[in-house]
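Here is the file upload-v3.tsv (TSV, C-alpha atoms and all ligand atoms).
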```
chain	number	residue	atom	x	y	z
T	587	MET	CA	99.70	240.70	20.82
T	588	LYS	CA	99.61	243.22	18.02
T	589	LYS	CA	97.92	246.59	18.64
T	590	ARG	CA	97.53	249.80	16.70
T	591	ILE	CA	97.56	252.90	18.89
T	592	ALA	CA	96.45	256.32	17.68
T	593	VAL	CA	98.70	258.99	19.19
T	594	LEU	CA	97.38	262.57	19.33
T	595	PRO	CA	100.14	264.55	21.07
T	596	GLY	CA	98.27	267.88	20.84
T	597	ASP	CA	99.75	271.13	22.11
T	598	GLY	CA	102.27	272.41	24.63
T	599	ILE	CA	103.66	269.74	26.94
T	600	GLY	CA	101.26	267.26	25.31
T	601	THR	CA	103.92	266.52	22.70
T	602	GLU	CA	106.66	266.18	25.33
T	603	VAL	CA	104.78	263.73	27.57
T	604	ALA	CA	103.33	261.70	24.66
T	605	GLU	CA	106.92	260.90	23.74
T	606	GLY	CA	107.31	259.33	27.19
T	607	ALA	CA	104.26	257.11	26.85
T	608	MET	CA	105.48	255.81	23.49
T	609	LYS	CA	108.99	255.05	24.78
T	610	VAL	CA	107.54	253.18	27.74
T	611	LEU	CA	105.13	251.23	25.52
T	612	GLU	CA	107.98	250.28	23.18
T	613	THR	CA	109.86	248.95	26.19
T	614	VAL	CA	106.79	247.00	27.32
T	615	ALA	CA	106.45	245.58	23.81
T	616	SER	CA	109.99	244.25	23.71
T	617	ARG	CA	109.91	242.95	27.30
T	618	PHE	CA	106.59	241.12	26.92
T	619	GLY	CA	106.75	240.20	23.23
T	620	HIS	CA	104.03	242.50	21.88
T	621	GLN	CA	103.89	244.69	18.80
T	622	PHE	CA	102.59	248.24	19.15
T	623	GLU	CA	102.18	250.33	16.04
T	624	PHE	CA	101.77	254.10	16.54
T	625	ALA	CA	99.64	256.14	14.14
T	626	PHE	CA	99.85	259.92	14.56
T	627	GLY	CA	97.01	262.41	14.32
T	628	LYS	CA	96.47	266.11	14.91
T	629	ILE	CA	94.08	267.60	17.43
T	630	GLY	CA	93.56	270.95	19.15
T	631	GLY	CA	95.67	273.99	18.35
T	632	GLN	CA	98.12	272.23	16.05
T	633	ALA	CA	95.16	270.95	14.01
T	634	ILE	CA	93.65	274.45	13.85
T	635	ASP	CA	96.95	275.83	12.56
T	636	SER	CA	97.45	273.23	9.86
T	637	LYS	CA	93.90	272.12	8.98
T	638	GLY	CA	91.66	274.96	10.11
T	639	THR	CA	89.70	272.80	12.56
T	640	PRO	CA	90.46	271.41	16.03
T	641	LEU	CA	89.24	267.94	15.02
T	642	PRO	CA	89.96	267.00	11.38
T	643	ASP	CA	87.99	264.06	9.93
T	644	GLU	CA	91.22	262.20	9.27
T	645	THR	CA	91.98	262.27	13.01
T	646	ILE	CA	88.56	260.81	13.81
T	647	ASN	CA	89.08	258.08	11.21
T	648	LEU	CA	92.57	257.34	12.46
T	649	CYS	CA	91.18	256.82	15.98
T	650	LYS	CA	88.34	254.64	14.71
T	651	GLU	CA	90.83	252.45	12.85
T	652	SER	CA	93.01	252.00	15.94
T	653	ASP	CA	92.66	249.80	19.02
T	654	ALA	CA	93.02	252.68	21.49
T	655	VAL	CA	93.95	256.36	21.61
T	656	LEU	CA	96.67	258.20	23.53
T	657	LEU	CA	96.12	261.92	23.86
T	658	GLY	CA	98.59	264.47	25.26
T	659	ALA	CA	96.76	267.75	25.93
T	660	VAL	CA	95.30	270.60	23.91
T	661	GLY	CA	95.09	274.36	24.18
T	662	GLY	CA	97.22	277.40	24.81
T	663	PRO	CA	97.14	281.22	24.80
T	664	LYS	CA	97.68	281.32	21.04
T	665	TRP	CA	94.14	280.06	20.46
T	666	ASP	CA	92.38	281.68	23.44
T	667	LYS	CA	90.78	284.41	21.33
T	668	MET	CA	89.42	282.06	18.69
T	669	PRO	CA	85.62	281.82	18.25
T	670	PRO	CA	84.04	278.98	20.32
T	671	GLU	CA	83.79	276.50	17.42
T	672	LEU	CA	87.48	276.98	16.70
T	673	ARG	CA	88.79	276.41	20.19
T	674	PRO	CA	91.21	273.53	20.84
T	675	GLU	CA	88.89	272.21	23.61
T	676	LYS	CA	86.24	271.61	20.92
T	677	GLY	CA	88.56	268.94	19.58
T	678	LEU	CA	88.64	267.21	22.93
T	679	LEU	CA	84.87	267.19	23.48
T	680	GLY	CA	84.38	266.25	19.83
T	681	ILE	CA	86.62	263.21	19.84
T	682	ARG	CA	85.04	261.82	23.03
T	683	LYS	CA	81.61	262.21	21.44
T	684	GLU	CA	82.64	260.81	18.03
T	685	LEU	CA	84.07	257.72	19.68
T	686	GLY	CA	81.08	257.21	22.01
T	687	LEU	CA	83.17	257.28	25.19
T	688	PHE	CA	80.72	257.34	28.08
T	689	ALA	CA	82.79	256.08	31.00
T	690	ASN	CA	85.43	258.36	32.47
T	691	LEU	CA	87.96	256.69	34.77
T	692	ARG	CA	90.05	258.68	37.21
T	693	PRO	CA	92.27	256.67	39.55
T	694	VAL	CA	93.79	258.37	42.59
T	695	THR	CA	96.84	256.64	43.98
T	696	ALA	CA	98.98	257.87	46.85
T	697	PHE	CA	102.64	257.18	46.14
T	698	ASP	CA	104.43	256.74	49.48
T	699	SER	CA	107.37	258.85	48.41
T	700	LEU	CA	105.14	261.79	47.42
T	701	ILE	CA	102.85	261.90	50.44
T	702	SER	CA	104.39	265.11	51.75
T	703	SER	CA	103.01	267.01	48.73
T	704	SER	CA	99.42	266.27	49.78
T	705	PRO	CA	97.48	269.00	51.56
T	706	LEU	CA	96.02	266.28	53.81
T	707	LYS	CA	97.62	264.53	56.77
T	708	LYS	CA	100.00	261.68	56.03
T	709	GLU	CA	97.90	259.09	57.88
T	710	VAL	CA	94.82	260.07	55.86
T	711	VAL	CA	96.59	259.86	52.50
T	712	GLN	CA	98.83	256.84	52.97
T	713	ASP	CA	97.62	253.81	50.98
T	714	VAL	CA	94.83	255.68	49.20
T	715	ASP	CA	94.09	253.80	45.98
T	716	LEU	CA	90.69	254.50	44.51
T	717	LEU	CA	89.03	254.70	41.11
T	718	ILE	CA	86.26	257.12	40.20
T	719	VAL	CA	84.01	255.99	37.35
T	720	ARG	CA	82.08	258.99	36.04
T	721	GLU	CA	79.25	258.90	33.49
T	722	LEU	CA	80.41	261.25	30.76
T	723	THR	CA	77.75	261.75	28.11
T	724	GLY	CA	74.42	262.19	29.94
T	725	GLY	CA	72.94	264.14	32.82
T	726	ILE	CA	72.60	267.85	33.38
T	727	TYR	CA	75.43	268.89	31.01
T	728	PHE	CA	73.46	267.57	28.04
T	729	GLY	CA	69.76	267.57	29.11
T	730	LYS	CA	67.21	269.55	27.12
T	731	PRO	CA	65.65	272.04	27.58
T	732	SER	CA	68.47	274.23	28.71
T	733	GLY	CA	68.88	277.95	28.34
T	734	ARG	CA	67.27	281.23	29.35
T	735	LYS	CA	63.64	282.18	29.08
T	736	GLY	CA	61.12	284.77	30.19
T	737	GLU	CA	60.59	288.30	28.95
T	738	ASN	CA	63.75	289.51	30.60
T	739	ARG	CA	65.52	286.17	30.39
T	740	GLU	CA	65.16	286.01	34.18
T	741	THR	CA	64.62	282.25	34.17
T	742	ALA	CA	67.54	279.88	33.61
T	743	VAL	CA	66.93	276.20	32.91
T	744	ASP	CA	69.13	273.10	33.00
T	745	THR	CA	67.68	269.62	32.76
T	746	LEU	CA	69.03	266.58	34.55
T	747	GLN	CA	67.85	263.68	32.45
T	748	TYR	CA	69.01	260.07	32.26
T	749	GLU	CA	67.79	257.18	30.18
T	750	ARG	CA	67.81	253.82	31.95
T	751	HIS	CA	70.18	252.29	29.38
T	752	GLU	CA	72.70	255.09	29.97
T	753	ILE	CA	72.79	254.21	33.66
T	754	GLU	CA	72.86	250.46	33.02
T	755	ARG	CA	75.95	250.61	30.79
T	756	ILE	CA	78.03	252.76	33.16
T	757	VAL	CA	77.00	250.68	36.17
T	758	GLU	CA	77.91	247.49	34.33
T	759	LYS	CA	81.38	248.92	33.57
T	760	ALA	CA	81.81	249.89	37.21
T	761	PHE	CA	81.06	246.33	38.33
T	762	THR	CA	83.69	245.05	35.90
T	763	PHE	CA	86.30	247.43	37.32
T	764	ALA	CA	85.34	246.53	40.88
T	765	ARG	CA	85.89	242.87	40.00
T	766	MET	CA	89.35	243.69	38.56
T	767	ARG	CA	90.23	245.45	41.82
T	768	ASN	CA	89.00	244.79	45.37
T	769	LYS	CA	85.36	243.89	44.72
T	770	LYS	CA	84.00	246.91	46.51
T	771	LEU	CA	81.76	249.47	44.81
T	772	THR	CA	80.31	252.72	46.15
T	773	SER	CA	77.50	254.23	44.12
T	774	VAL	CA	77.12	257.96	44.72
T	775	ASP	CA	73.82	259.76	44.11
T	776	LYS	CA	71.34	262.22	45.61
T	777	ALA	CA	68.44	259.81	45.89
T	778	ASN	CA	66.85	261.71	48.78
T	779	VAL	CA	66.09	264.58	46.37
T	780	LEU	CA	66.51	263.65	42.70
T	781	GLU	CA	64.30	261.31	40.68
T	782	SER	CA	67.20	260.52	38.31
T	783	SER	CA	69.17	259.39	41.37
T	784	ARG	CA	66.32	257.13	42.49
T	785	MET	CA	66.39	255.43	39.09
T	786	TRP	CA	70.19	255.27	39.35
T	787	ARG	CA	69.87	253.47	42.69
T	788	GLU	CA	67.31	251.03	41.23
T	789	VAL	CA	69.70	250.09	38.44
T	790	VAL	CA	72.60	249.65	40.85
T	791	ASP	CA	70.50	247.42	43.13
T	792	GLU	CA	69.47	245.23	40.19
T	793	ALA	CA	73.10	244.91	39.09
T	794	ALA	CA	74.17	244.16	42.67
T	795	ALA	CA	71.69	241.26	42.81
T	796	LYS	CA	73.27	239.83	39.64
T	797	ASN	CA	76.83	240.33	40.93
T	798	PRO	CA	76.77	238.97	44.48
T	799	ASP	CA	80.58	238.75	44.62
T	800	ILE	CA	80.81	242.56	44.69
T	801	GLU	CA	80.17	244.46	47.92
T	802	VAL	CA	77.94	247.43	47.06
T	803	GLU	CA	77.07	250.51	49.08
T	804	HIS	CA	75.07	253.65	48.27
T	805	MET	CA	76.21	257.04	49.45
T	806	LEU	CA	74.72	260.49	49.06
T	807	VAL	CA	76.99	262.85	47.18
T	808	ASP	CA	77.35	265.35	50.03
T	809	ALA	CA	78.41	262.58	52.41
T	810	ALA	CA	80.80	261.22	49.77
T	811	ALA	CA	82.40	264.66	49.36
T	812	MET	CA	83.13	264.76	53.10
T	813	LYS	CA	84.39	261.20	53.27
T	814	LEU	CA	86.82	261.73	50.38
T	815	ILE	CA	88.65	264.20	52.61
T	816	SER	CA	88.13	262.61	56.03
T	817	ASN	CA	88.74	258.98	55.08
T	818	PRO	CA	89.55	258.43	51.36
T	819	LYS	CA	90.89	254.96	52.14
T	820	ALA	CA	87.29	253.85	52.73
T	821	PHE	CA	86.73	253.89	48.94
T	822	ASP	CA	87.79	251.49	46.24
T	823	VAL	CA	85.62	251.98	43.13
T	824	ILE	CA	83.16	254.89	43.05
T	825	VAL	CA	80.52	255.12	40.32
T	826	THR	CA	78.49	258.26	39.79
T	827	GLU	CA	76.66	260.43	37.28
T	828	ASN	CA	78.23	263.17	35.18
T	829	MET	CA	78.14	266.32	37.31
T	830	PHE	CA	78.78	264.61	40.65
T	831	GLY	CA	81.68	262.78	39.02
T	832	ASP	CA	83.10	265.98	37.59
T	833	ILE	CA	83.20	267.59	41.02
T	834	LEU	CA	84.23	264.54	43.06
T	835	SER	CA	87.03	263.58	40.67
T	836	ASP	CA	88.60	267.03	40.87
T	837	GLU	CA	88.21	266.95	44.66
T	838	ALA	CA	89.79	263.50	44.84
T	839	SER	CA	92.66	264.47	42.55
T	840	MET	CA	93.87	266.93	45.17
T	841	ILE	CA	94.30	264.16	47.74
T	842	THR	CA	97.68	263.36	46.25
T	843	GLY	CA	98.49	267.00	45.56
T	844	SER	CA	100.26	266.53	42.24
T	845	LEU	CA	98.60	267.24	38.91
T	846	GLY	CA	101.56	265.79	37.04
T	847	MET	CA	100.82	262.32	38.44
T	848	LEU	CA	97.15	261.87	37.49
T	849	PRO	CA	96.13	259.62	34.58
T	850	SER	CA	92.65	259.15	33.12
T	851	ALA	CA	90.68	257.12	30.62
T	852	SER	CA	87.44	257.52	28.71
T	853	MET	CA	85.91	254.28	27.53
T	854	ARG	CA	82.96	252.59	25.93
T	855	SER	CA	81.44	249.11	26.43
T	856	ASP	CA	83.66	247.15	24.03
T	857	GLY	CA	86.85	248.07	25.88
T	858	TYR	CA	87.95	250.73	23.43
T	859	GLY	CA	89.30	253.80	25.18
T	860	LEU	CA	91.07	257.13	25.01
T	861	TYR	CA	93.83	257.68	27.55
T	862	GLU	CA	95.13	261.06	28.63
T	863	PRO	CA	96.68	262.82	31.59
T	864	VAL	CA	94.32	264.94	33.70
T	865	HIS	CA	96.53	268.01	33.28
T	866	GLY	CA	96.41	270.46	30.37
T	867	SER	CA	99.04	271.74	27.95
T	868	ALA	CA	100.86	273.81	30.62
T	869	PRO	CA	101.90	276.72	28.37
T	870	ASP	CA	104.00	278.18	31.21
T	871	ILE	CA	106.50	275.32	31.00
T	872	ALA	CA	105.94	274.07	27.42
T	873	GLY	CA	109.10	273.52	25.39
T	874	LYS	CA	111.31	273.73	28.48
T	875	ASN	CA	111.80	270.00	29.01
T	876	MET	CA	110.40	270.41	32.54
T	877	ALA	CA	107.02	268.67	32.38
T	878	ASN	CA	106.30	265.61	34.48
T	879	PRO	CA	105.67	262.74	32.02
T	880	LEU	CA	104.36	260.33	34.68
T	881	ALA	CA	100.64	261.17	34.34
T	882	MET	CA	100.90	260.35	30.63
T	883	ILE	CA	102.97	257.23	31.28
T	884	LEU	CA	100.45	256.05	33.88
T	885	SER	CA	97.67	256.73	31.35
T	886	SER	CA	99.40	254.35	28.95
T	887	ALA	CA	99.48	251.77	31.76
T	888	MET	CA	95.71	252.20	32.08
T	889	MET	CA	95.43	251.54	28.34
T	890	LEU	CA	97.35	248.29	28.73
T	891	LYS	CA	95.11	247.21	31.62
T	892	TYR	CA	91.67	248.33	30.49
T	893	SER	CA	91.75	248.20	26.68
T	894	PHE	CA	94.29	245.44	26.01
T	895	GLY	CA	93.74	243.19	29.06
T	896	MET	CA	97.47	243.36	29.80
T	897	LYS	CA	97.33	243.53	33.57
T	898	GLU	CA	100.82	242.24	34.19
T	899	GLU	CA	102.31	244.71	31.71
T	900	ALA	CA	100.37	247.59	33.28
T	901	GLU	CA	101.55	246.63	36.74
T	902	ALA	CA	105.13	246.49	35.48
T	903	VAL	CA	104.85	250.11	34.33
T	904	GLU	CA	103.26	251.19	37.63
T	905	LYS	CA	105.98	249.37	39.54
T	906	ALA	CA	108.73	251.07	37.53
T	907	VAL	CA	107.19	254.49	38.21
T	908	THR	CA	106.94	253.72	41.93
T	909	GLU	CA	110.56	252.56	42.05
T	910	VAL	CA	111.83	255.64	40.23
T	911	LEU	CA	110.01	257.85	42.75
T	912	ASP	CA	111.20	255.74	45.69
T	913	ALA	CA	114.76	256.19	44.46
T	914	GLY	CA	114.25	259.94	44.90
T	915	TYR	CA	113.97	261.03	41.28
T	916	ARG	CA	111.60	263.96	40.76
T	917	THR	CA	110.53	266.34	38.07
T	918	MET	CA	110.36	270.03	39.03
T	919	ASP	CA	106.65	269.97	39.94
T	920	LEU	CA	107.19	267.27	42.60
T	921	GLY	CA	109.37	269.37	44.84
T	922	SER	CA	112.86	270.74	44.96
T	923	ASN	CA	115.09	267.88	45.97
T	924	SER	CA	117.62	269.50	43.67
T	925	SER	CA	120.13	266.65	43.57
T	926	CYS	CA	117.60	264.36	41.87
T	927	THR	CA	115.55	266.82	39.81
T	928	LEU	CA	115.19	265.47	36.29
T	929	SER	CA	114.10	266.95	32.99
T	930	THR	CA	111.16	265.40	31.13
T	931	GLU	CA	113.50	263.44	28.89
T	932	LYS	CA	115.64	262.18	31.78
T	933	MET	CA	112.56	261.11	33.76
T	934	ILE	CA	111.33	259.15	30.72
T	935	LYS	CA	114.76	257.50	30.39
T	936	GLN	CA	114.75	256.63	34.09
T	937	VAL	CA	111.36	254.89	33.85
T	938	VAL	CA	112.43	253.01	30.71
T	939	TYR	CA	115.67	251.96	32.39
T	940	GLN	CA	113.79	250.76	35.47
T	941	LEU	CA	111.31	248.83	33.33
T	942	GLU	CA	114.19	247.05	31.57
T	943	GLU	CA	116.01	246.51	34.85
T	944	ASP	CA	112.96	244.87	36.48
T	945	ASP	CA	112.79	242.34	33.64
F	1	LIG	P1	97.34	272.94	33.11
F	1	LIG	O1	96.99	271.62	33.67
F	1	LIG	O2	97.87	272.97	31.74
F	1	LIG	O3	98.41	273.63	34.08
F	1	LIG	C1	98.13	274.01	35.42
F	1	LIG	C2	99.47	274.18	36.18
F	1	LIG	O4	100.03	272.89	36.44
F	1	LIG	C3	100.54	274.94	35.40
F	1	LIG	O5	101.30	275.73	36.26
F	1	LIG	C4	101.38	273.84	34.79
F	1	LIG	O6	102.71	274.23	34.55
F	1	LIG	C5	101.30	272.74	35.83
F	1	LIG	N1	101.35	271.40	35.20
F	1	LIG	C6	100.36	270.79	34.51
F	1	LIG	N2	100.76	269.61	34.06
F	1	LIG	C7	102.04	269.46	34.46
F	1	LIG	C8	103.02	268.44	34.29
F	1	LIG	N3	102.77	267.31	33.62
F	1	LIG	N4	104.24	268.63	34.83
F	1	LIG	C9	104.51	269.74	35.52
F	1	LIG	N5	103.66	270.74	35.71
F	1	LIG	C10	102.42	270.61	35.19
F	1	LIG	O7	96.02	273.84	33.23
F	1	LIG	P2	95.78	275.35	32.75
F	1	LIG	O8	97.01	276.15	32.95
F	1	LIG	O9	94.53	275.75	33.40
F	1	LIG	O10	95.49	275.25	31.19
F	1	LIG	C11	96.48	275.41	30.17
F	1	LIG	C12	95.86	275.05	28.84
F	1	LIG	O11	95.55	273.67	28.81
F	1	LIG	C13	94.57	275.79	28.53
F	1	LIG	O12	94.55	276.11	27.16
F	1	LIG	C14	93.49	274.79	28.89
F	1	LIG	O13	92.32	275.00	28.14
F	1	LIG	C15	94.16	273.50	28.48
F	1	LIG	N6	93.66	272.31	29.18
F	1	LIG	C16	93.59	271.17	28.46
F	1	LIG	C17	93.20	269.98	29.05
F	1	LIG	C18	93.22	268.75	28.22
F	1	LIG	O14	93.76	268.75	27.13
F	1	LIG	N7	92.67	267.66	28.69
F	1	LIG	C19	92.81	269.91	30.46
F	1	LIG	C20	93.01	271.16	31.18
F	1	LIG	C21	93.40	272.31	30.53
F	2	MG	MG	86.38	269.27	35.95
```

Please rewrite the model in this file as structure tokens.
Ligand code: NAI
Ligand code: MG
Amino acid sequence: MKKRIAVLPGDGIGTEVAEGAMKVLETVASRFGHQFEFAFGKIGGQAIDSKGTPLPDETINLCKESDAVLLGAVGGPKWDKMPPELRPEKGLLGIRKELGLFANLRPVTAFDSLISSSPLKKEVVQDVDLLIVRELTGGIYFGKPSGRKGENRETAVDTLQYERHEIERIVEKAFTFARMRNKKLTSVDKANVLESSRMWREVVDEAAAKNPDIEVEHMLVDAAAMKLISNPKAFDVIVTENMFGDILSDEASMITGSLGMLPSASMRSDGYGLYEPVHGSAPDIAGKNMANPLAMILSSAMMLKYSFGMKEEAEAVEKAVTEVLDAGYRTMDLGSNSSCTLSTEKMIKQVVYQLEEDD
């Protein structure tokens, strides 16, 4: 298969880890007989410096003309005092909006060899492998009216609003992902209190009737928050609205205890997606060849699986990462087993080597 991938390395360690994803994808291409063409664009601080805006039109166009997007990370102290419209983060929100990406995917996978870095007990964390599907463009973060009112601005308003079609499209995606995995879907809402949640539940029930091969359960968000800590293994695919998903995905990401290992995707209905690590630009370690490239590499595996339908290729990347970790190799953030502590570049080389070796 031939694919064009827009690469937006961004700022700080974004550029260092993006390098890793590209090397791994090149290895996948030669092992499986694909052709990946990389097209580079600027976003965030580096775009502000050279183009005067965090999201130049040419970057948007480049993404639109590509089959998928890989994004490193944006931001850093250099731009912290910029006015709000000139902040690197504007570029991030802008590109998601421009591309119509409404489904945010955050997998949480416990790697056996890293379990000791979790704040939870080993037996709770072992074998955790779940996927949170969060609605990204509706709900209380975007509802109108919002703001302050009253003579003394003593009233603050936020509006939680959903259109039926917004719920239908995210729920439909979630069913697709559940089918690709273990055919189990948990829909999280607050239907005992919120009208938007009652409509959410209606939509999920209708979809469940049309997809009888998928086991569906409803769970209230407060109960889900507890269960993610007490028994995260009970989940496979979780689908939820924007704000609940924001909170639950950050909660769930701590199960594994390592920011440098967490990939993510933001997608739309046609399979197009933007893939990026959960972590930021890490200014404290930028340029030091210390960053963990695995979150970015695992994000590129998600791209293979979800945008290109290359499940076998994606699993090959995940397997190589698991084997490298099982062999004891670590970047600095994963603990101080000093004999096997690798730089960013060496970790990338190790994954590439393993991927070739597994062939
Ligand atoms: P951060 O995720 O960049 O870093 C938090 C801590 O984790 C730091 O100590 C960092 O060194 C470490 N860390 C993060 N990723 C790592 C990796 N791959 N390997 C090893 N260590 C890693 O979050 P922080 O410090 O709050 O934000 C730094 C900048 O990044 C800010 O400008 C922020 O706005 C931006 N940011 C951007 C995001 C994005 O582009 N999606 C997401 C989060 C923050
Ligand atoms: Mg958050």

Write out as a Markdown table the residues of segment 771-802 of chain T that have any atom within 12 Å of an atom of segment 827-838 of chain T, one row each with the nearest atom pair and its distance in Å to one decimal, counting only C-alpha atoms, sorted by chain and then rising number.
```
| residue | atom | partner | partner_atom | distance |
| --- | --- | --- | --- | --- |
| T:Ser773 | CA | T:Glu827 | CA | 9.3 |
| T:Val774 | CA | T:Glu827 | CA | 7.9 |
| T:Asp775 | CA | T:Glu827 | CA | 7.4 |
| T:Lys776 | CA | T:Phe830 | CA | 9.3 |
| T:Ala777 | CA | T:Glu827 | CA | 11.9 |
| T:Leu780 | CA | T:Glu827 | CA | 11.9 |
| T:Ser782 | CA | T:Glu827 | CA | 9.5 |
| T:Ser783 | CA | T:Glu827 | CA | 8.6 |
| T:Met785 | CA | T:Glu827 | CA | 11.6 |
| T:Trp786 | CA | T:Glu827 | CA | 8.5 |
| T:Arg787 | CA | T:Glu827 | CA | 11.1 |
```

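A straight line drawn from atom CA of Gly600 of chain T to atom CA of Gly895 of chain T is 25.5 Å long.
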
Discussion item. Here is a test: counting only C-alpha atoms and all ligand atoms, which residue of T:Gly680, T:Gly631, T:Gly866, T:Gly725 is nearest to ligand MG 2 (chain F)?
Written reply: T:Gly866

Item to complete: Fewer than 2 positions away in the same chain doesn't count, so skip those; otherwise give me all residues within 12 Å of Val910 of chain T, counting all atoms listed in the file, as JSON, numbers by chain.
Response: {"T": [697, 698, 699, 700, 880, 903, 904, 905, 906, 907, 908, 912, 913, 914, 915, 916, 917, 926, 927, 928, 932, 933, 934, 935, 936, 937, 938, 939, 940, 941, 943, 944]}

File of the preceding selection, C-alpha atoms, as a compact mmCIF listing (two decimals), in the frame of the given file:
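Written output follows (out.txt):
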```txt
# COMPACT_ATOMS: atom_id res chain seq x y z
CA PHE T 697 102.64 257.18 46.14
CA ASP T 698 104.43 256.74 49.48
CA SER T 699 107.37 258.85 48.41
CA LEU T 700 105.14 261.79 47.42
CA LEU T 880 104.36 260.33 34.68
CA VAL T 903 104.85 250.11 34.33
CA GLU T 904 103.26 251.19 37.63
CA LYS T 905 105.98 249.37 39.54
CA ALA T 906 108.73 251.07 37.53
CA VAL T 907 107.19 254.49 38.21
CA THR T 908 106.94 253.72 41.93
CA ASP T 912 111.20 255.74 45.69
CA ALA T 913 114.76 256.19 44.46
CA GLY T 914 114.25 259.94 44.90
CA TYR T 915 113.97 261.03 41.28
CA ARG T 916 111.60 263.96 40.76
CA THR T 917 110.53 266.34 38.07
CA CYS T 926 117.60 264.36 41.87
CA THR T 927 115.55 266.82 39.81
CA LEU T 928 115.19 265.47 36.29
CA LYS T 932 115.64 262.18 31.78
CA MET T 933 112.56 261.11 33.76
CA ILE T 934 111.33 259.15 30.72
CA LYS T 935 114.76 257.50 30.39
CA GLN T 936 114.75 256.63 34.09
CA VAL T 937 111.36 254.89 33.85
CA VAL T 938 112.43 253.01 30.71
CA TYR T 939 115.67 251.96 32.39
CA GLN T 940 113.79 250.76 35.47
CA LEU T 941 111.31 248.83 33.33
CA GLU T 943 116.01 246.51 34.85
CA ASP T 944 112.96 244.87 36.48
```

Discussion item. Residues contacting ligand LIG 1 (chain F) - anything with an atom at most 6 Å away, using only C-alpha atoms and all ligand atoms - can you give me those as a PyMOL selection string?
Written reply: chain T and resi 659-662+845-846+864-871+877-879+919

Response to the item:
What separates atom CA of Gly619 of chain T and atom CA of Ala654 of chain T is a distance of 18.6 Å

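You will find atom CA of Pro595 of chain T at 15.1 Å from atom CA of Asn875 of chain T.
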
Worksheet item: Neighbours of segment 741-754 of chain T within 7 Å (all atoms listed in the file; same-chain residues fewer than 6 positions away dropped), as a count of residues only?
Response: 13
